[in-house]
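Text of the file protein22.pdb, holding PDB, C-alpha atoms:
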```pdb
ATOM      1  CA  MET J   1     -12.635  29.116  63.194  1.00  0.00           C
ATOM      2  CA  ASN J   2     -13.222  29.261  66.912  1.00  0.00           C
ATOM      3  CA  THR J   3     -13.687  25.499  67.030  1.00  0.00           C
ATOM      4  CA  VAL J   4     -10.381  24.925  65.267  1.00  0.00           C
ATOM      5  CA  VAL J   5      -8.558  27.084  67.803  1.00  0.00           C
ATOM      6  CA  ASP J   6     -10.319  25.293  70.664  1.00  0.00           C
ATOM      7  CA  VAL J   7      -9.364  21.859  69.369  1.00  0.00           C
ATOM      8  CA  ALA J   8      -5.747  22.883  68.720  1.00  0.00           C
ATOM      9  CA  SER J   9      -5.468  24.409  72.190  1.00  0.00           C
ATOM     10  CA  SER J  10      -6.984  21.312  73.844  1.00  0.00           C
ATOM     11  CA  VAL J  11      -4.652  18.966  71.984  1.00  0.00           C
ATOM     12  CA  LEU J  12      -1.585  21.057  72.904  1.00  0.00           C
ATOM     13  CA  MET J  13      -2.510  21.268  76.595  1.00  0.00           C
ATOM     14  CA  LEU J  14      -3.350  17.556  76.829  1.00  0.00           C
ATOM     15  CA  ALA J  15      -0.073  16.631  75.116  1.00  0.00           C
ATOM     16  CA  GLY J  16       1.868  18.772  77.591  1.00  0.00           C
ATOM     17  CA  ALA J  17       0.115  17.172  80.567  1.00  0.00           C
ATOM     18  CA  VAL J  18       0.661  13.637  79.211  1.00  0.00           C
ATOM     19  CA  ILE J  19       4.376  14.389  78.758  1.00  0.00           C
ATOM     20  CA  ALA J  20       4.526  15.591  82.376  1.00  0.00           C
ATOM     21  CA  VAL J  21       2.978  12.318  83.590  1.00  0.00           C
ATOM     22  CA  ILE J  22       5.301  10.150  81.458  1.00  0.00           C
ATOM     23  CA  ALA J  23       8.316  12.060  82.783  1.00  0.00           C
ATOM     24  CA  ALA J  24       7.110  11.612  86.359  1.00  0.00           C
ATOM     25  CA  PHE J  25       6.941   7.837  85.802  1.00  0.00           C
ATOM     26  CA  GLY J  26      10.443   8.025  84.312  1.00  0.00           C
ATOM     27  CA  LEU J  27      11.683   9.810  87.452  1.00  0.00           C
ATOM     28  CA  LEU J  28      10.465   6.865  89.511  1.00  0.00           C
ATOM     29  CA  ARG J  29      11.721   4.087  87.253  1.00  0.00           C
ATOM     30  CA  LEU J  30      15.049   5.103  85.676  1.00  0.00           C
ATOM     31  CA  PRO J  31      18.213   3.686  87.273  1.00  0.00           C
ATOM     32  CA  ASP J  32      20.627   6.571  88.009  1.00  0.00           C
ATOM     33  CA  VAL J  33      20.811  10.326  88.612  1.00  0.00           C
ATOM     34  CA  PHE J  34      21.873  11.172  85.063  1.00  0.00           C
ATOM     35  CA  ALA J  35      19.071   9.179  83.423  1.00  0.00           C
ATOM     36  CA  ARG J  36      16.563  10.763  85.784  1.00  0.00           C
ATOM     37  CA  MET J  37      17.949  14.213  84.998  1.00  0.00           C
ATOM     38  CA  HIS J  38      17.600  13.422  81.290  1.00  0.00           C
ATOM     39  CA  VAL J  39      13.931  12.570  81.759  1.00  0.00           C
ATOM     40  CA  ALA J  40      13.247  15.464  84.140  1.00  0.00           C
ATOM     41  CA  THR J  41      14.238  18.167  81.642  1.00  0.00           C
ATOM     42  CA  LYS J  42      11.668  16.968  79.065  1.00  0.00           C
ATOM     43  CA  PRO J  43       8.500  18.179  80.833  1.00  0.00           C
ATOM     44  CA  ALA J  44      10.349  21.360  81.785  1.00  0.00           C
ATOM     45  CA  THR J  45      10.973  22.223  78.109  1.00  0.00           C
ATOM     46  CA  LEU J  46       8.576  20.361  75.786  1.00  0.00           C
ATOM     47  CA  GLY J  47       5.758  19.858  78.305  1.00  0.00           C
ATOM     48  CA  VAL J  48       5.736  23.473  79.487  1.00  0.00           C
ATOM     49  CA  THR J  49       6.066  24.725  75.905  1.00  0.00           C
ATOM     50  CA  LEU J  50       3.057  22.697  74.726  1.00  0.00           C
ATOM     51  CA  CYS J  51       0.921  23.623  77.745  1.00  0.00           C
ATOM     52  CA  LEU J  52       1.700  27.341  77.560  1.00  0.00           C
ATOM     53  CA  ALA J  53       1.248  27.396  73.765  1.00  0.00           C
ATOM     54  CA  GLY J  54      -2.155  25.760  74.186  1.00  0.00           C
ATOM     55  CA  ALA J  55      -3.060  28.322  76.835  1.00  0.00           C
ATOM     56  CA  ALA J  56      -1.766  31.201  74.671  1.00  0.00           C
ATOM     57  CA  LEU J  57      -4.297  30.258  71.971  1.00  0.00           C
ATOM     58  CA  ARG J  58      -7.183  30.594  74.388  1.00  0.00           C
ATOM     59  CA  VAL J  59      -6.412  33.378  76.905  1.00  0.00           C
ATOM     60  CA  PRO J  60      -8.225  36.696  76.444  1.00  0.00           C
ATOM     61  CA  GLY J  61      -6.097  39.528  75.066  1.00  0.00           C
ATOM     62  CA  ALA J  62      -2.963  39.676  72.927  1.00  0.00           C
ATOM     63  CA  SER J  63      -0.780  41.022  75.754  1.00  0.00           C
ATOM     64  CA  THR J  64      -1.531  37.955  77.881  1.00  0.00           C
ATOM     65  CA  ALA J  65      -0.620  35.637  75.004  1.00  0.00           C
ATOM     66  CA  THR J  66       2.614  37.617  74.547  1.00  0.00           C
ATOM     67  CA  LYS J  67       3.464  37.078  78.207  1.00  0.00           C
ATOM     68  CA  LEU J  68       2.916  33.358  77.756  1.00  0.00           C
ATOM     69  CA  VAL J  69       5.237  33.341  74.727  1.00  0.00           C
ATOM     70  CA  LEU J  70       7.822  35.170  76.855  1.00  0.00           C
ATOM     71  CA  ALA J  71       7.447  32.495  79.546  1.00  0.00           C
ATOM     72  CA  ILE J  72       7.981  29.779  76.889  1.00  0.00           C
ATOM     73  CA  VAL J  73      11.150  31.471  75.589  1.00  0.00           C
ATOM     74  CA  PHE J  74      12.492  31.921  79.095  1.00  0.00           C
ATOM     75  CA  GLN J  75      11.827  28.292  79.951  1.00  0.00           C
ATOM     76  CA  LEU J  76      13.512  27.101  76.735  1.00  0.00           C
ATOM     77  CA  VAL J  77      16.610  29.183  77.511  1.00  0.00           C
ATOM     78  CA  THR J  78      17.017  28.411  81.219  1.00  0.00           C
ATOM     79  CA  THR J  79      16.086  24.729  81.540  1.00  0.00           C
ATOM     80  CA  PRO J  80      19.014  23.301  79.503  1.00  0.00           C
ATOM     81  CA  ALA J  81      21.405  25.606  81.371  1.00  0.00           C
ATOM     82  CA  ALA J  82      20.103  24.471  84.754  1.00  0.00           C
ATOM     83  CA  GLY J  83      20.207  20.811  83.700  1.00  0.00           C
ATOM     84  CA  HIS J  84      23.785  21.209  82.508  1.00  0.00           C
ATOM     85  CA  LEU J  85      24.858  22.855  85.795  1.00  0.00           C
ATOM     86  CA  LEU J  86      23.168  20.150  87.836  1.00  0.00           C
ATOM     87  CA  GLY J  87      24.637  17.334  85.734  1.00  0.00           C
ATOM     88  CA  ARG J  88      28.184  18.671  86.146  1.00  0.00           C
ATOM     89  CA  ALA J  89      27.589  19.121  89.872  1.00  0.00           C
ATOM     90  CA  ALA J  90      26.316  15.543  90.227  1.00  0.00           C
ATOM     91  CA  HIS J  91      29.350  14.263  88.303  1.00  0.00           C
ATOM     92  CA  ALA J  92      31.701  16.303  90.501  1.00  0.00           C
ATOM     93  CA  ALA J  93      29.974  14.835  93.559  1.00  0.00           C
ATOM     94  CA  ARG J  94      30.661  11.352  92.091  1.00  0.00           C
ATOM     95  CA  ALA J  95      27.034  10.316  91.774  1.00  0.00           C
ATOM     96  CA  PRO J  96      26.910   6.560  91.113  1.00  0.00           C
ATOM     97  CA  MET J  97      26.196   5.541  87.509  1.00  0.00           C
ATOM     98  CA  SER J  98      24.018   2.715  86.271  1.00  0.00           C
ATOM     99  CA  SER J  99      25.742  -0.432  84.984  1.00  0.00           C
ATOM    100  CA  HIS J 100      24.211   0.346  81.563  1.00  0.00           C
ATOM    101  CA  THR J 101      26.343   3.483  81.203  1.00  0.00           C
ATOM    102  CA  VAL J 102      28.228   3.297  77.895  1.00  0.00           C
ATOM    103  CA  ILE J 103      30.579   6.289  78.067  1.00  0.00           C
ATOM    104  CA  ASP J 104      31.567   8.859  80.685  1.00  0.00           C
ATOM    105  CA  GLU J 105      33.139  11.741  78.784  1.00  0.00           C
ATOM    106  CA  LEU J 106      33.863  13.783  81.932  1.00  0.00           C
ATOM    107  CA  ARG J 107      35.989  11.089  83.599  1.00  0.00           C
ATOM    108  CA  PRO J 108      39.596  12.003  84.451  1.00  0.00           C
ATOM    109  CA  LEU J 109      42.033  10.627  81.855  1.00  0.00           C
ATOM    110  CA  PRO J 110      44.278   7.737  82.999  1.00  0.00           C
ATOM    111  CA  PRO J 111      47.949   8.825  83.286  1.00  0.00           C
ATOM    112  CA  SER J 112      49.132   6.809  80.254  1.00  0.00           C
ATOM    113  CA  THR J 113      46.890   8.679  77.816  1.00  0.00           C
ATOM    114  CA  GLU J 114      47.696  12.175  79.005  1.00  0.00           C
ATOM    115  CA  VAL J 115      49.157  14.469  76.372  1.00  0.00           C
ATOM    116  CA  GLU J 116      52.897  15.116  76.781  1.00  0.00           C
ATOM    117  CA  PRO J 117      53.690  18.783  77.394  1.00  0.00           C
ATOM    118  CA  SER J 118      55.524  20.164  74.381  1.00  0.00           C
ATOM    119  CA  PRO J 119      59.079  21.456  75.079  1.00  0.00           C
TER     120      PRO J 119
ATOM    121  CA  MET K   1     -13.557  23.168  77.115  1.00  0.00           C
ATOM    122  CA  ASN K   2     -14.049  22.882  80.858  1.00  0.00           C
ATOM    123  CA  VAL K   3     -13.768  19.113  80.600  1.00  0.00           C
ATOM    124  CA  VAL K   4     -10.427  19.408  78.797  1.00  0.00           C
ATOM    125  CA  THR K   5      -8.963  21.836  81.327  1.00  0.00           C
ATOM    126  CA  ALA K   6     -10.175  19.620  84.182  1.00  0.00           C
ATOM    127  CA  ALA K   7      -8.515  16.585  82.565  1.00  0.00           C
ATOM    128  CA  VAL K   8      -5.278  18.521  82.040  1.00  0.00           C
ATOM    129  CA  LEU K   9      -5.271  19.723  85.647  1.00  0.00           C
ATOM    130  CA  GLY K  10      -5.897  16.151  86.825  1.00  0.00           C
ATOM    131  CA  LEU K  11      -2.979  14.794  84.787  1.00  0.00           C
ATOM    132  CA  LEU K  12      -0.716  17.560  86.105  1.00  0.00           C
ATOM    133  CA  ALA K  13      -1.778  16.746  89.671  1.00  0.00           C
ATOM    134  CA  LEU K  14      -0.908  13.081  89.049  1.00  0.00           C
ATOM    135  CA  ALA K  15       2.517  14.112  87.701  1.00  0.00           C
ATOM    136  CA  SER K  16       3.107  16.341  90.749  1.00  0.00           C
ATOM    137  CA  VAL K  17       2.206  13.528  93.150  1.00  0.00           C
ATOM    138  CA  LEU K  18       4.604  11.131  91.398  1.00  0.00           C
ATOM    139  CA  CYS K  19       7.377  13.755  91.543  1.00  0.00           C
ATOM    140  CA  VAL K  20       6.744  14.315  95.268  1.00  0.00           C
ATOM    141  CA  VAL K  21       6.948  10.545  95.824  1.00  0.00           C
ATOM    142  CA  ARG K  22      10.340  10.593  94.065  1.00  0.00           C
ATOM    143  CA  ALA K  23      11.448  13.440  96.347  1.00  0.00           C
ATOM    144  CA  ILE K  24      10.320  11.596  99.500  1.00  0.00           C
ATOM    145  CA  ILE K  25      11.797   8.133  98.865  1.00  0.00           C
ATOM    146  CA  PRO K  26      15.520   7.874  99.692  1.00  0.00           C
ATOM    147  CA  GLY K  27      17.790   9.421  97.065  1.00  0.00           C
ATOM    148  CA  SER K  28      20.571  11.943  96.545  1.00  0.00           C
ATOM    149  CA  THR K  29      20.180  15.712  96.829  1.00  0.00           C
ATOM    150  CA  VAL K  30      20.245  16.044  93.030  1.00  0.00           C
ATOM    151  CA  ASP K  31      17.431  13.493  92.722  1.00  0.00           C
ATOM    152  CA  ARG K  32      15.272  15.458  95.084  1.00  0.00           C
ATOM    153  CA  ALA K  33      16.094  18.764  93.398  1.00  0.00           C
ATOM    154  CA  ILE K  34      15.081  17.491  89.955  1.00  0.00           C
ATOM    155  CA  ALA K  35      11.937  15.854  91.353  1.00  0.00           C
ATOM    156  CA  LEU K  36      10.861  19.142  92.954  1.00  0.00           C
ATOM    157  CA  ASP K  37      11.698  20.950  89.707  1.00  0.00           C
ATOM    158  CA  GLY K  38       9.242  18.568  88.058  1.00  0.00           C
ATOM    159  CA  VAL K  39       6.634  19.843  90.518  1.00  0.00           C
ATOM    160  CA  VAL K  40       7.543  23.434  89.606  1.00  0.00           C
ATOM    161  CA  SER K  41       7.074  22.802  85.880  1.00  0.00           C
ATOM    162  CA  ALA K  42       3.748  21.071  86.570  1.00  0.00           C
ATOM    163  CA  ILE K  43       2.694  24.145  88.575  1.00  0.00           C
ATOM    164  CA  ILE K  44       3.682  26.465  85.700  1.00  0.00           C
ATOM    165  CA  CYS K  45       1.529  24.412  83.305  1.00  0.00           C
ATOM    166  CA  ALA K  46      -1.345  24.275  85.795  1.00  0.00           C
ATOM    167  CA  VAL K  47      -1.320  28.036  86.329  1.00  0.00           C
ATOM    168  CA  ALA K  48      -1.473  28.651  82.564  1.00  0.00           C
ATOM    169  CA  VAL K  49      -4.359  26.187  82.265  1.00  0.00           C
ATOM    170  CA  ALA K  50      -6.086  27.901  85.186  1.00  0.00           C
ATOM    171  CA  ALA K  51      -5.808  31.197  83.290  1.00  0.00           C
ATOM    172  CA  VAL K  52      -7.680  29.542  80.413  1.00  0.00           C
ATOM    173  CA  ARG K  53     -10.238  27.944  82.723  1.00  0.00           C
ATOM    174  CA  THR K  54     -11.129  31.097  84.632  1.00  0.00           C
ATOM    175  CA  GLY K  55     -10.464  33.657  81.883  1.00  0.00           C
ATOM    176  CA  ASN K  56      -8.393  35.640  84.397  1.00  0.00           C
ATOM    177  CA  SER K  57      -5.152  36.806  82.791  1.00  0.00           C
ATOM    178  CA  THR K  58      -3.470  37.667  86.123  1.00  0.00           C
ATOM    179  CA  TYR K  59      -2.472  34.009  86.457  1.00  0.00           C
ATOM    180  CA  VAL K  60      -0.081  34.333  83.520  1.00  0.00           C
ATOM    181  CA  ASP K  61       2.309  36.490  85.567  1.00  0.00           C
ATOM    182  CA  ILE K  62       2.556  33.687  88.109  1.00  0.00           C
ATOM    183  CA  ALA K  63       3.684  31.315  85.332  1.00  0.00           C
ATOM    184  CA  LEU K  64       6.483  33.745  84.379  1.00  0.00           C
ATOM    185  CA  VAL K  65       7.682  34.095  87.981  1.00  0.00           C
ATOM    186  CA  GLY K  66       7.486  30.329  88.433  1.00  0.00           C
ATOM    187  CA  GLY K  67       9.901  29.828  85.551  1.00  0.00           C
ATOM    188  CA  LEU K  68      12.337  32.338  87.043  1.00  0.00           C
ATOM    189  CA  LEU K  69      12.188  30.718  90.478  1.00  0.00           C
ATOM    190  CA  GLY K  70      12.710  27.219  89.079  1.00  0.00           C
ATOM    191  CA  PHE K  71      15.920  28.235  87.311  1.00  0.00           C
ATOM    192  CA  LEU K  72      17.205  30.089  90.393  1.00  0.00           C
ATOM    193  CA  THR K  73      16.524  27.105  92.653  1.00  0.00           C
ATOM    194  CA  LEU K  74      18.191  24.552  90.397  1.00  0.00           C
ATOM    195  CA  SER K  75      21.339  26.619  89.868  1.00  0.00           C
ATOM    196  CA  THR K  76      21.632  27.246  93.622  1.00  0.00           C
ATOM    197  CA  VAL K  77      21.361  23.524  94.361  1.00  0.00           C
ATOM    198  CA  ALA K  78      23.913  22.807  91.612  1.00  0.00           C
ATOM    199  CA  ARG K  79      26.450  25.194  93.195  1.00  0.00           C
ATOM    200  CA  TYR K  80      25.897  23.673  96.615  1.00  0.00           C
ATOM    201  CA  VAL K  81      26.217  20.067  95.436  1.00  0.00           C
ATOM    202  CA  GLY K  82      29.240  20.802  93.214  1.00  0.00           C
ATOM    203  CA  ARG K  83      31.187  22.509  95.995  1.00  0.00           C
ATOM    204  CA  ARG K  84      30.475  19.747  98.469  1.00  0.00           C
ATOM    205  CA  GLY K  85      31.640  17.135  95.974  1.00  0.00           C
ATOM    206  CA  GLN K  86      35.109  18.648  95.551  1.00  0.00           C
TER     207      GLN K  86
END
```

Could the structure of this file be written out as structure tokens, please?
Amino acid sequence: MNTVVDVASSVLMLAGAVIAVIAAFGLLRLPDVFARMHVATKPATLGVTLCLAGAALRVPGASTATKLVLAIVFQLVTTPAAGHLLGRAAHAARAPMSSHTVIDELRPLPPSTEVEPSP
Amino acid sequence: MNVVTAAVLGLLALASVLCVVRAIIPGSTVDRAIALDGVVSAIICAVAVAAVRTGNSTYVDIALVGGLLGFLTLSTVARYVGRRGQ
């Protein structure tokens, strides 16, 4: 039983660390701010979740494991919010987009397509 | 088990170094903020792994506080960048 927990914990922690490394390579290689932000929020949610879950299986004491679960929940709640704030801020600051960008849903509408005000 | 935690800590150190490189090479403020947030999440993971490695549960509190600080930092940078852009 102990061996099973050890193996599960090792696999979870290694997976989290590998995701962190892949995301770091993505930060260096992806073309624009929005793509890099997309890749940067993955280790902050999935990577941290896997690492902390692996640690929660192994730490001594139930209260410590509960704290780790609390840290996971907090990370899962706050990281998407922070990424959303930062993405809107970068768009407002007119961060340049890659030429591969397909759609920009936050762009201002051209005047011809604006909705007429109803009388 | 010690080998696994050492390998995990090594991978996290590699990820942190790559993120710091991203923060040093020329880029926008948002780029640097997200790169340094990558370092923060690597630190959170590393602290949890250190708790496993040493068997000392005090480290877990540091992971909690690290998560709080990361969110606070990113939202502060977002406010600053958004205001300057308008």

Worksheet item: Pick the closest to chain J from K:Ala6, K:Ala15, K:Ile25, K:Val40: which is it, counting all atoms listed in the file?
Response: K:Ala15

Discussion item. Running the ChimeraX specification (/J :<6) & /K on this model by hand, what would come out? Give it as a ChimeraX atom specification.
Written reply: /K:8,11-12,15,18-19,22,41,45,48-49,52,64,74-75,78,81-82,85

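Candidate residues K:Met1, K:Val30, K:Ile62, K:Val21 were compared for distance to Ile43 of chain K, and the nearest is K:Ile62, using all atoms listed in the file.
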
Worksheet item: Pro31 of chain J: which residues within 10 Å, counting all atoms listed in the file, same-chain residues fewer than 6 positions away excluded, as a ChimeraX atom specification?
Response: /J:96-100

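Going from atom CA of Leu109 of chain J to atom CA of Leu30 of chain J covers 27.8 Å.
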
Practice prompt. To one decimal in Å, tell me the separation between atom CA of Val17 of chain K and atom CA of Gly67 of chain K.
Written response: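 Going from atom CA of Val17 of chain K over to atom CA of Gly67 of chain K covers 19.6 Å.
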
Worksheet entry | Straight-line distance linking atom CA of Gly66 of chain K with atom CA of Ile44 of chain K, stated in Å to one decimal |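 Between atom CA of Gly66 of chain K and atom CA of Ile44 of chain K the gap is 6.1 Å.
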
Taking all atoms of segment 28-39 of chain K that appear in the file, build a box with edges along x, y and z, extend it by 8 Å on every side, and state its centre and edge lengths in Å to one decimal, as lines of an AutoDock Vina configuration file.
```
center_x = 13.6
center_y = 16.4
center_z = 92.4
size_x = 29.9
size_y = 25.0
size_z = 24.8
```

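Of the residues listed (K:Ala23, K:Asn56, K:Ser16, K:Asp37), K:Asp37 shows the shortest atom-to-atom separation from Leu68 of chain K; distances use all atoms listed in the file.
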